[in-house]
>>> print(open('run19.cif').read())   # mmCIF, C-alpha atoms
data_start
loop_
_atom_site.label_atom_id
_atom_site.label_comp_id
_atom_site.auth_asym_id
_atom_site.auth_seq_id
_atom_site.Cartn_x
_atom_site.Cartn_y
_atom_site.Cartn_z
CA MET D 1 5.84 25.25 -30.40
CA ARG D 2 5.53 23.15 -27.22
CA LYS D 3 7.86 25.47 -25.31
CA LYS D 4 6.01 28.53 -26.59
CA ILE D 5 2.72 27.15 -25.32
CA GLN D 6 4.35 26.26 -21.98
CA ARG D 7 5.65 29.81 -21.58
CA ILE D 8 2.21 31.28 -22.32
CA ILE D 9 0.77 29.03 -19.62
CA LEU D 10 3.55 30.10 -17.26
CA VAL D 11 2.78 33.77 -17.81
CA ILE D 12 -0.87 33.10 -16.98
CA PHE D 13 0.13 31.02 -13.92
CA THR D 14 2.53 33.71 -12.68
CA ALA D 15 -0.06 36.44 -13.15
CA PHE D 16 -2.56 34.37 -11.21
CA LEU D 17 0.00 33.64 -8.48
CA CYS D 18 0.79 37.31 -8.02
CA SER D 19 -2.88 38.29 -8.06
CA SER D 20 -3.62 35.65 -5.42
CA PHE D 21 -1.40 37.51 -2.97
CA ALA D 22 -3.67 40.55 -3.34
CA GLY D 23 -6.94 38.65 -3.13
CA CYS D 24 -6.76 35.31 -1.35
CA SER D 25 -9.95 33.32 -0.88
CA PRO D 26 -11.29 33.00 2.67
CA LYS D 27 -10.29 29.32 2.71
CA ASN D 28 -6.66 30.15 1.96
CA ASN D 29 -6.64 33.09 4.33
CA GLU D 30 -7.59 30.82 7.21
CA THR D 31 -4.18 29.14 6.97
CA GLN D 32 -2.18 32.36 6.62
CA ASP D 33 -0.74 34.56 9.33
CA LYS D 34 -2.30 38.00 9.55
CA GLY D 35 -0.60 40.52 7.27
CA SER D 36 -0.83 42.31 3.97
CA SER D 37 -0.46 40.58 0.62
CA LYS D 38 2.94 42.29 0.32
CA ASP D 39 4.05 40.77 3.64
CA ILE D 40 2.91 37.32 2.51
CA TYR D 41 4.79 37.64 -0.76
CA GLU D 42 7.98 38.92 0.84
CA ARG D 43 8.18 36.17 3.42
CA GLY D 44 8.01 33.58 0.64
CA TYR D 45 6.57 30.62 2.59
CA ASP D 46 3.05 29.35 3.35
CA LEU D 47 1.96 31.11 0.18
CA PRO D 48 -1.72 30.76 -0.79
CA ILE D 49 -2.42 27.91 -3.21
CA ASP D 50 -5.07 28.18 -5.90
CA SER D 51 -7.71 25.53 -5.22
CA ALA D 52 -7.69 24.33 -8.84
CA GLU D 53 -3.89 24.02 -8.77
CA GLN D 54 -4.03 22.03 -5.54
CA GLU D 55 -6.77 19.77 -6.88
CA GLU D 56 -4.72 19.07 -10.00
CA ALA D 57 -1.60 18.33 -7.94
CA GLU D 58 -3.42 15.87 -5.66
CA LYS D 59 -5.12 14.15 -8.61
CA ASP D 60 -1.80 13.74 -10.47
CA CYS D 61 -0.09 12.38 -7.37
CA ALA D 62 -2.98 10.02 -6.63
CA ASP D 63 -2.85 8.68 -10.19
CA MET D 64 0.85 7.95 -9.81
CA MET D 65 0.25 6.23 -6.49
CA GLU D 66 -2.47 4.08 -8.05
CA SER D 67 0.04 2.87 -10.63
CA ILE D 68 2.41 1.59 -7.90
CA ARG D 69 -0.18 0.42 -5.38
CA ASP D 70 0.44 -3.29 -6.01
CA ILE D 71 4.19 -2.92 -5.52
CA TYR D 72 3.75 -1.06 -2.24
CA GLU D 73 1.04 -3.42 -0.97
CA GLU D 74 3.19 -6.51 -1.55
CA ALA D 75 6.44 -4.98 -0.26
CA ASP D 76 8.06 -5.82 3.05
CA LYS D 77 7.55 -2.71 5.18
CA GLY D 78 9.37 -3.83 8.31
CA THR D 79 7.94 -4.52 11.73
CA SER D 80 7.87 -1.01 13.23
CA LEU D 81 4.81 1.21 13.39
CA ASN D 82 6.26 3.39 10.64
CA ALA D 83 6.60 1.67 7.28
CA VAL D 84 10.05 1.38 5.71
CA ILE D 85 10.56 0.03 2.20
CA SER D 86 13.77 -1.31 0.69
CA GLN D 87 15.71 0.55 -1.95
CA GLU D 88 14.91 -2.27 -4.36
CA THR D 89 11.19 -1.68 -3.85
CA ALA D 90 11.61 2.07 -4.21
CA VAL D 91 13.41 1.60 -7.53
CA LYS D 92 10.60 -0.62 -8.84
CA MET D 93 8.13 2.13 -7.98
CA GLN D 94 10.41 4.72 -9.56
CA GLN D 95 10.55 2.74 -12.82
CA ILE D 96 6.75 2.59 -13.08
CA ILE D 97 6.44 6.35 -12.58
CA ALA D 98 9.25 7.03 -15.06
CA GLU D 99 7.24 5.21 -17.73
CA LYS D 100 4.88 8.24 -17.64
CA ASP D 101 7.73 10.30 -19.19
CA VAL D 102 8.27 12.45 -16.10
CA PRO D 103 11.43 12.89 -14.00
CA ALA D 104 11.37 10.32 -11.19
CA ALA D 105 13.76 10.00 -8.26
CA VAL D 106 14.27 8.10 -5.02
CA SER D 107 14.97 10.14 -1.88
CA GLY D 108 18.60 10.18 -0.83
CA PHE D 109 21.67 10.20 -3.05
CA ASP D 110 22.08 6.51 -3.91
CA VAL D 111 19.80 6.13 -6.95
CA ASP D 112 20.05 7.92 -10.30
CA MET D 113 17.12 10.07 -11.40
CA MET D 114 15.14 8.66 -14.33
CA ASN D 115 14.19 10.97 -17.23
CA TYR D 116 16.74 13.37 -15.80
CA ASP D 117 17.20 15.12 -19.15
CA ALA D 118 13.82 16.87 -18.81
CA MET D 119 14.81 18.13 -15.37
CA GLU D 120 18.16 19.30 -16.69
CA ASP D 121 16.51 21.13 -19.61
CA PHE D 122 14.28 22.97 -17.13
CA LEU D 123 17.23 24.01 -14.97
CA ASP D 124 19.30 25.10 -17.98
CA GLU D 125 16.43 27.28 -19.20
CA ALA D 126 15.89 28.77 -15.75
CA SER D 127 19.63 29.44 -15.40
CA GLU D 128 19.42 31.46 -18.62
CA GLY D 129 16.51 33.47 -17.21
CA ASP D 130 13.81 31.80 -19.31
CA GLN D 131 10.41 31.02 -17.85
CA SER D 132 9.93 27.30 -17.44
CA GLU D 133 8.40 24.60 -15.25
CA ILE D 134 8.83 20.91 -14.45
CA ILE D 135 7.20 18.30 -12.20
CA LEU D 136 9.40 15.90 -10.25
CA TYR D 137 8.11 12.78 -8.50
CA ARG D 138 10.04 11.22 -5.64
CA ILE D 139 9.67 7.92 -3.80
CA HIS D 140 10.50 8.19 -0.10
CA THR D 141 11.82 5.54 2.28
CA ASP D 142 8.42 5.14 3.96
CA GLY D 143 6.67 4.48 0.65
CA THR D 144 5.10 7.92 0.37
CA VAL D 145 5.20 9.75 -2.96
CA SER D 146 5.82 13.46 -3.47
CA ARG D 147 4.97 15.59 -6.47
CA GLU D 148 6.92 18.83 -6.66
CA LYS D 149 6.18 21.38 -9.34
CA PHE D 150 9.09 23.77 -9.86
CA THR D 151 8.17 27.02 -11.63
CA PHE D 152 10.61 29.72 -12.71
CA ASP D 153 8.87 32.97 -13.69
CA GLY D 154 11.92 34.71 -15.12
CA LYS D 155 12.96 36.08 -11.73
CA ASP D 156 12.05 33.72 -8.89
CA MET D 157 11.79 29.96 -8.46
CA TYR D 158 8.68 28.52 -6.77
CA SER D 159 7.91 25.06 -5.43
CA LEU D 160 4.43 23.60 -5.16
CA TYR D 161 4.98 20.52 -3.01
CA THR D 162 2.36 17.80 -2.56
CA LYS D 163 2.96 14.58 -0.63
CA GLY D 164 0.76 11.52 -0.75
CA ARG D 165 0.64 8.81 1.91
CA TRP D 166 -1.16 5.48 2.11
CA THR D 167 -4.15 5.05 4.42
CA ASP D 168 -4.86 1.81 6.30
CA ASP D 169 -7.25 0.96 3.46
CA MET D 170 -4.42 1.44 0.93
CA GLU D 171 -5.90 4.63 -0.50
CA PRO D 172 -3.88 7.79 -1.35
CA ALA D 173 -4.33 10.63 1.12
CA PHE D 174 -2.75 14.09 1.27
CA SER D 175 -1.64 15.97 4.37
CA VAL D 176 1.07 18.15 2.82
CA ASN D 177 0.43 20.90 0.28
CA SER D 178 2.76 23.88 0.34
CA LEU D 179 3.76 26.69 -1.99
CA SER D 180 7.09 28.37 -1.34
CA ARG D 181 9.51 30.68 -3.04
CA MET D 182 13.19 29.79 -3.01
CA SER D 183 15.55 32.25 -1.39
CA ARG D 184 18.45 30.68 -3.31
CA TRP D 185 18.94 28.05 -5.99
CA GLU D 186 21.60 26.88 -8.44
CA TYR D 187 22.37 24.08 -10.83
CA THR D 188 26.00 23.13 -10.36
CA GLU D 189 28.54 21.97 -12.92
CA LYS D 190 28.50 18.51 -11.32
CA GLY D 191 24.75 18.17 -11.88
CA TRP D 192 23.32 19.03 -8.46
CA PHE D 193 20.13 21.06 -8.08
CA ILE D 194 20.66 22.93 -4.81
CA PHE D 195 17.95 25.14 -3.39
CA LYS D 196 16.81 26.77 -0.19
CA TYR D 197 13.17 27.33 0.65
CA CYS D 198 12.03 30.56 2.24
CA THR D 199 11.17 29.66 5.84
CA ALA D 200 10.27 31.34 9.10
CA GLN D 201 13.28 32.91 10.84
CA PRO D 202 13.97 34.82 14.09
CA PRO D 203 12.27 36.54 15.78
CA GLU D 204 9.39 34.31 14.65
CA LEU D 205 11.56 31.33 15.58
CA THR D 206 14.23 31.00 18.25
CA GLU D 207 16.97 29.95 15.82
CA VAL D 208 17.97 30.29 12.19
CA ILE D 209 16.69 27.46 9.98
CA ASP D 210 18.80 26.17 7.09
CA ALA D 211 16.27 24.72 4.67
CA TYR D 212 18.65 23.57 1.97
CA GLU D 213 17.82 20.62 -0.22
CA MET D 214 20.00 18.88 -2.79
CA ILE D 215 18.86 16.69 -5.68
CA ARG D 216 21.30 14.79 -7.90
CA VAL D 217 19.96 15.37 -11.42
CA ARG D 218 22.72 14.26 -13.79
CA PRO D 219 23.62 10.60 -13.14
CA GLN D 220 26.99 9.87 -11.61
CA LYS D 221 29.40 7.52 -13.39
CA LYS D 222 28.57 3.94 -12.50
CA GLU D 223 32.13 3.04 -11.47
CA TYR D 224 32.29 6.08 -9.17
CA ARG D 225 29.07 5.13 -7.43
CA GLU D 226 30.24 1.54 -7.01
CA MET D 227 33.46 2.66 -5.31
CA GLU D 228 31.47 4.88 -2.96
CA LYS D 229 29.14 2.05 -2.04
CA LYS D 230 31.94 -0.47 -1.47
CA TYR D 231 34.50 1.61 0.38
CA LEU D 232 33.19 5.00 1.55
CA ASP D 233 29.47 5.10 2.34
CA ILE D 234 29.60 2.92 5.45
CA ILE D 235 32.47 4.92 6.93
CA GLY D 236 31.31 8.44 6.09
CA TYR D 237 32.25 11.42 8.26
CA GLN D 238 30.36 10.69 11.47
CA GLY D 239 31.76 8.84 14.47
CA ASN D 240 35.27 8.38 13.07
CA ASN D 241 37.96 10.53 11.45
CA LEU D 242 39.24 8.26 8.68
CA LEU D 243 38.04 10.56 5.88
CA CYS D 244 38.18 13.92 7.65
CA SER D 245 41.79 14.00 8.89
CA GLU D 246 45.24 14.00 7.34
CA TRP D 247 46.98 10.67 7.90
CA SER D 248 49.21 8.05 6.28
CA GLU D 249 51.11 4.90 7.21
CA ASP D 250 53.90 7.07 8.65
CA GLN D 251 51.44 9.30 10.50
CA ILE D 252 48.71 7.02 11.79
CA ASP D 253 48.63 7.80 15.51
CA GLY D 254 45.83 10.40 15.18
CA LEU D 255 43.19 7.98 13.89
CA ASP D 256 40.31 7.11 16.19
CA PHE D 257 40.79 3.34 16.12
CA ASN D 258 38.15 2.68 18.74
CA GLY D 259 35.58 4.70 16.82
CA LEU D 260 36.48 3.00 13.54
CA TYR D 261 35.90 -0.52 14.80
CA GLU D 262 32.12 -0.58 14.26
CA TYR D 263 32.43 0.67 10.67
CA PHE D 264 35.08 -1.87 9.68
CA TYR D 265 32.99 -4.55 11.40
CA GLN D 266 30.02 -3.65 9.22
CA GLU D 267 32.20 -3.70 6.09
CA GLU D 268 33.60 -7.11 7.03
CA TYR D 269 30.44 -8.88 8.16
CA GLY D 270 27.64 -6.91 6.50
CA LYS D 271 25.86 -6.18 9.77
CA GLU D 272 26.09 -3.81 12.70
CA ILE D 273 27.88 -4.69 15.92
CA ASP D 274 26.01 -5.73 19.06
CA PRO D 275 26.31 -2.68 21.36
CA GLU D 276 25.65 -4.72 24.52
CA LYS D 277 28.50 -7.12 23.81
CA CYS D 278 30.94 -4.37 22.85
CA ALA D 279 30.14 -2.22 25.88
CA ALA D 280 32.18 -4.58 28.06
CA GLY D 281 35.18 -4.16 25.75
CA ILE D 282 36.23 -5.70 22.45
CA PRO D 283 38.50 -8.76 22.77
CA GLN D 284 42.07 -8.00 21.78
CA GLU D 285 42.23 -10.62 19.03
CA ASP D 286 38.96 -9.54 17.39
CA PHE D 287 39.94 -5.87 17.42
CA GLU D 288 43.49 -6.34 16.16
CA ASN D 289 42.58 -8.83 13.42
CA LEU D 290 40.02 -6.43 11.99
CA MET D 291 42.14 -3.29 12.28
CA THR D 292 45.27 -4.81 10.76
CA LYS D 293 43.22 -6.01 7.80
CA TYR D 294 41.80 -2.59 6.99
CA LEU D 295 44.67 -0.32 8.07
CA PRO D 296 48.49 -0.35 7.68
CA VAL D 297 48.94 -0.69 11.43
CA THR D 298 50.52 -3.28 13.74
CA ALA D 299 49.12 -4.78 16.92
CA GLY D 300 51.82 -2.97 18.85
CA GLN D 301 50.76 0.39 17.41
CA LEU D 302 47.13 -0.32 18.23
CA ARG D 303 47.92 -1.06 21.87
CA LYS D 304 49.92 2.16 22.01
CA TYR D 305 47.59 4.58 20.23
CA ALA D 306 44.11 3.14 20.83
CA SER D 307 42.22 3.03 24.12
CA TYR D 308 43.37 -0.38 25.37
CA ASP D 309 43.20 -2.20 28.73
CA PRO D 310 46.17 -4.60 29.05
CA GLU D 311 44.77 -6.26 32.18
CA SER D 312 41.55 -7.44 30.52
CA GLU D 313 43.15 -7.51 27.07
CA THR D 314 40.25 -5.59 25.60
CA TYR D 315 39.82 -2.40 23.60
CA ASP D 316 37.31 0.17 24.82
CA TRP D 317 34.15 0.95 22.90
CA VAL D 318 31.18 3.18 23.70
CA VAL D 319 28.08 4.12 21.73
CA LEU D 320 28.29 7.36 19.77
CA GLY D 321 26.25 9.88 21.73
CA VAL D 322 26.24 12.52 24.43
CA GLY D 323 29.74 13.12 25.74
CA ASN D 324 31.64 11.98 22.65
CA TYR D 325 29.69 13.56 19.80
CA ALA D 326 28.64 17.14 19.14
CA PRO D 327 26.05 17.39 16.34
CA ASN D 328 27.36 19.38 13.40
CA ALA D 329 26.13 19.87 9.84
CA PHE D 330 29.42 18.57 8.48
CA TRP D 331 29.22 15.15 10.14
CA VAL D 332 26.14 14.14 8.13
CA SER D 333 27.86 14.86 4.81
CA VAL D 334 28.31 12.11 2.22
CA PRO D 335 31.35 11.22 0.08
CA GLU D 336 31.15 11.57 -3.70
CA VAL D 337 33.90 10.13 -5.91
CA THR D 338 34.91 12.42 -8.78
CA GLN D 339 38.01 10.61 -10.05
CA ILE D 340 39.66 7.17 -9.85
CA THR D 341 43.44 6.91 -10.32
CA GLU D 342 45.19 3.56 -10.65
CA ASN D 343 48.73 3.92 -9.29
CA GLU D 344 51.85 2.13 -10.53
CA ASP D 345 52.20 0.18 -7.27
CA GLY D 346 48.77 -1.40 -7.74
CA THR D 347 46.95 0.88 -5.30
CA VAL D 348 43.97 3.04 -6.18
CA THR D 349 43.43 6.69 -5.25
CA LEU D 350 39.90 8.07 -5.07
CA THR D 351 39.39 11.81 -5.37
CA VAL D 352 36.36 12.59 -3.23
CA ASP D 353 34.15 15.66 -2.82
CA VAL D 354 32.31 16.11 0.46
CA VAL D 355 28.61 16.72 -0.26
CA CYS D 356 27.04 18.64 2.61
CA GLU D 357 23.29 19.11 2.19
CA LYS D 358 22.96 21.03 5.45
CA LYS D 359 25.21 23.72 3.98
CA GLY D 360 23.94 23.40 0.40
CA ASN D 361 27.39 22.54 -0.94
CA ASP D 362 28.40 19.75 -3.34
CA ASP D 363 32.14 20.23 -2.78
CA PHE D 364 32.53 21.32 0.84
CA TYR D 365 36.09 20.12 0.59
CA THR D 366 38.02 17.59 -1.48
CA HIS D 367 40.22 14.75 -0.26
CA GLU D 368 42.11 11.80 -1.70
CA VAL D 369 41.76 8.30 -0.26
CA THR D 370 44.33 5.70 -1.28
CA LEU D 371 43.33 2.02 -1.10
CA ARG D 372 44.79 -1.38 -1.77
CA ILE D 373 42.06 -3.71 -3.04
CA LEU D 374 42.30 -7.09 -1.27
CA ASP D 375 41.69 -10.56 -2.69
CA ASP D 376 38.20 -10.74 -1.17
CA GLY D 377 37.18 -7.46 -2.81
CA LYS D 378 37.46 -5.41 0.35
CA ALA D 379 40.18 -2.78 0.79
CA MET D 380 42.98 -1.68 3.07
CA TYR D 381 42.89 2.09 3.62
CA LEU D 382 46.43 3.46 3.22
CA SER D 383 46.07 7.22 3.58
CA ASN D 384 43.79 10.24 3.41
CA HIS D 385 44.98 13.58 2.09
CA ILE D 386 42.89 16.76 2.32
CA LEU D 387 43.50 18.87 -0.77
CA ASP D 388 41.97 22.22 0.07
CA ASP D 389 41.98 22.57 3.83
CA ARG D 390 40.73 25.95 4.97
CA PRO D 391 40.96 27.11 8.60
CA GLY D 392 37.82 26.27 10.54
CA MET D 393 36.32 24.29 7.68
CA ILE D 394 36.41 20.89 9.39
CA PRO D 395 35.08 20.88 12.98
CA ASP D 396 37.33 19.61 15.76
CA TYR D 397 36.97 15.87 16.08
CA GLN D 398 35.88 14.26 19.36
CA TYR D 399 37.50 10.90 20.00
CA ARG D 400 35.20 8.07 21.03
CA CYS D 401 37.30 6.83 23.96
CA ARG D 402 40.02 8.92 25.57
#
>>> encode(input="run19.cif", output="structure tokens")
Amino acid sequence: MRKKIQRIILVIFTAFLCSSFAGCSPKNNETQDKGSSKDIYERGYDLPIDSAEQEEAEKDCADMMESIRDIYEEADKGTSLNAVISQETAVKMQQIIAEKDVPAAVSGFDVDMMNYDAMEDFLDEASEGDQSEIILYRIHTDGTVSREKFTFDGKDMYSLYTKGRWTDDMEPAFSVNSLSRMSRWEYTEKGWFIFKYCTAQPPELTEVIDAYEMIRVRPQKKEYREMEKKYLDIIGYQGNNLLCSEWSEDQIDGLDFNGLYEYFYQEEYGKEIDPEKCAAGIPQEDFENLMTKYLPVTAGQLRKYASYDPESETYDWVVLGVGNYAPNAFWVSVPEVTQITENEDGTVTLTVDVVCEKKGNDDFYTHEVTLRILDDGKAMYLSNHILDDRPGMIPDYQYRCR
């Protein structure tokens, strides 16, 4: 009965949405580009929002923000002009919102969605062509809260997005309200909701915009997420080629040792390196002690294959930037463990999918990383094997120092 009532409401909402394209109020028309209602509908973005629908969205979002006001007010927000909250604080806020029996998430891919089953039911119904709707709340790293109403009308998916921020007086305020149609969406077997908003494109803009977004709906296995956090997240695919090249103990000369140093340093000491100190070169002993702990490599191999100055007995290091890094959608991908294999020799092999939000792909390619877990809980990386390499899939890597 509940679903039947929801579908009746959806039919009414869809009819109203379509009629609004033909007869927008003057207030809504002021924010639209000139053009017929058909043009507005076909472009799919900056669609007119019914005033009652917007008022309801802002009220709902404000109510949610009121429920977490105390947590946000007492949280450490950093010292910069723009507030930044910790993941721990975001999760506390997420838990409060989840108590309202609505799907609640934290931006990024590190925290499981709460009440995910409702979101999954919506996506399953939409995938079958059934009209349905759901509201998802998300906590963002700056403490803002978004309310996104996803509506599937039997043919198209729409997003009514409202974002609330905190004023200096700690009151909810709204600067973002948008209604868009999705040009593409899917719910993958792994549990990812991947969608692409309709956006302005050339000739209206000078370049094509990829407006993909990915939301992890179905929770990942706890042990998989823990392995990612311990051994893969810090390294990633940007600034080094540990996880995006084929290598092993017998074929280690192609690794970018100089680029890897800062990531192993962060794994070892739990903090980032000091760029000013490293700019003058990394002392031989420091570099070699760290590298030989995390890789099956000798000091002699490091001096041969890395960028090394024997006169000063230092290894070169430069900041990742212009001259040694070409921005590419692939480099900001994240690793996602899909299988853990314990080998007979005591090593562990992680099967990893590359999740690339910029391309809207939850398995851009798959690779296997073999580790030996050390006594202190850290790991030596023994090899990386790319399982499904396709020509041109992985961009050419630029070495940090050559």
>>> resolve_selection(input="run19.cif", expression="the PyMOL selection byres ((chain D and resi 69-82) around 10)", output="list in words")
Asp63, Met64, Met65, Glu66, Ser67, Ile68, Ala83, Val84, Ile85, Ser86, Glu88, Thr89, Ala90, Lys92, Met93, Ile96, Thr141, Asp142, Gly143, Thr144, Trp166, Met170, Glu171 and Pro172 of chain D
>>> resolve_selection(input="run19.cif", expression="the PyMOL selection byres ((chain D and resi 136) around 7)", output="PyMOL selection string")
chain D and resi 102-104+134-135+137-138+147-149
>>> write_last_selection(input="run19.cif", atoms="C-alpha atoms", output="PDB file, in the coordinates of the input")
ATOM      1  CA  VAL D 102       8.270  12.450 -16.100  1.00  0.00           C
ATOM      2  CA  PRO D 103      11.430  12.890 -14.000  1.00  0.00           C
ATOM      3  CA  ALA D 104      11.370  10.320 -11.190  1.00  0.00           C
ATOM      4  CA  ILE D 134       8.830  20.910 -14.450  1.00  0.00           C
ATOM      5  CA  ILE D 135       7.200  18.300 -12.200  1.00  0.00           C
ATOM      6  CA  TYR D 137       8.110  12.780  -8.500  1.00  0.00           C
ATOM      7  CA  ARG D 138      10.040  11.220  -5.640  1.00  0.00           C
ATOM      8  CA  ARG D 147       4.970  15.590  -6.470  1.00  0.00           C
ATOM      9  CA  GLU D 148       6.920  18.830  -6.660  1.00  0.00           C
ATOM     10  CA  LYS D 149       6.180  21.380  -9.340  1.00  0.00           C
TER      11      LYS D 149
END
>>> resolve_selection(input="run19.cif", expression="the PyMOL selection byres ((chain D and resi 219-224) around 12)", output="NGL selection string")
:D and (105 or 109-117 or 119-120 or 190-192 or 215-218 or 225-233 or 335-341 or 349-353)
>>> residues_around(input="run19.cif", residues="D:Glu128", least_positions_apart="2", cutoff="12 Å", atoms="only C-alpha atoms", output="PyMOL selection string")
chain D and resi 121-126+130-132+152-155+186-187
>>> write_last_selection(input="run19.cif", atoms="C-alpha atoms", output="CSV table (one decimal), keeping the file's coordinate frame")
chain,number,residue,atom,x,y,z
D,121,ASP,CA,16.5,21.1,-19.6
D,122,PHE,CA,14.3,23.0,-17.1
D,123,LEU,CA,17.2,24.0,-15.0
D,124,ASP,CA,19.3,25.1,-18.0
D,125,GLU,CA,16.4,27.3,-19.2
D,126,ALA,CA,15.9,28.8,-15.8
D,130,ASP,CA,13.8,31.8,-19.3
D,131,GLN,CA,10.4,31.0,-17.8
D,132,SER,CA,9.9,27.3,-17.4
D,152,PHE,CA,10.6,29.7,-12.7
D,153,ASP,CA,8.9,33.0,-13.7
D,154,GLY,CA,11.9,34.7,-15.1
D,155,LYS,CA,13.0,36.1,-11.7
D,186,GLU,CA,21.6,26.9,-8.4
D,187,TYR,CA,22.4,24.1,-10.8
>>> atom_distance(input="run19.cif", atom1="atom CA of D:Asn289", atom2="atom CA of D:Glu249")
17.3 Å
>>> residues_around(input="run19.cif", residues="D:Gln54", least_positions_apart="5", cutoff="9 Å", atoms="all atoms listed in the file", output="list in words")
Ile49, Lys59, Leu160, Thr162 and Asn177 of chain D
>>> closest_residue(input="run19.cif", among="D:Ile235, D:Glu357, D:Tyr269, D:Asn384", to="D:Val369", atoms="only C-alpha atoms")
D:Asn384
>>> atom_distance(input="run19.cif", atom1="atom CA of D:Asp286", atom2="atom CA of D:Tyr325")
25.0 Å
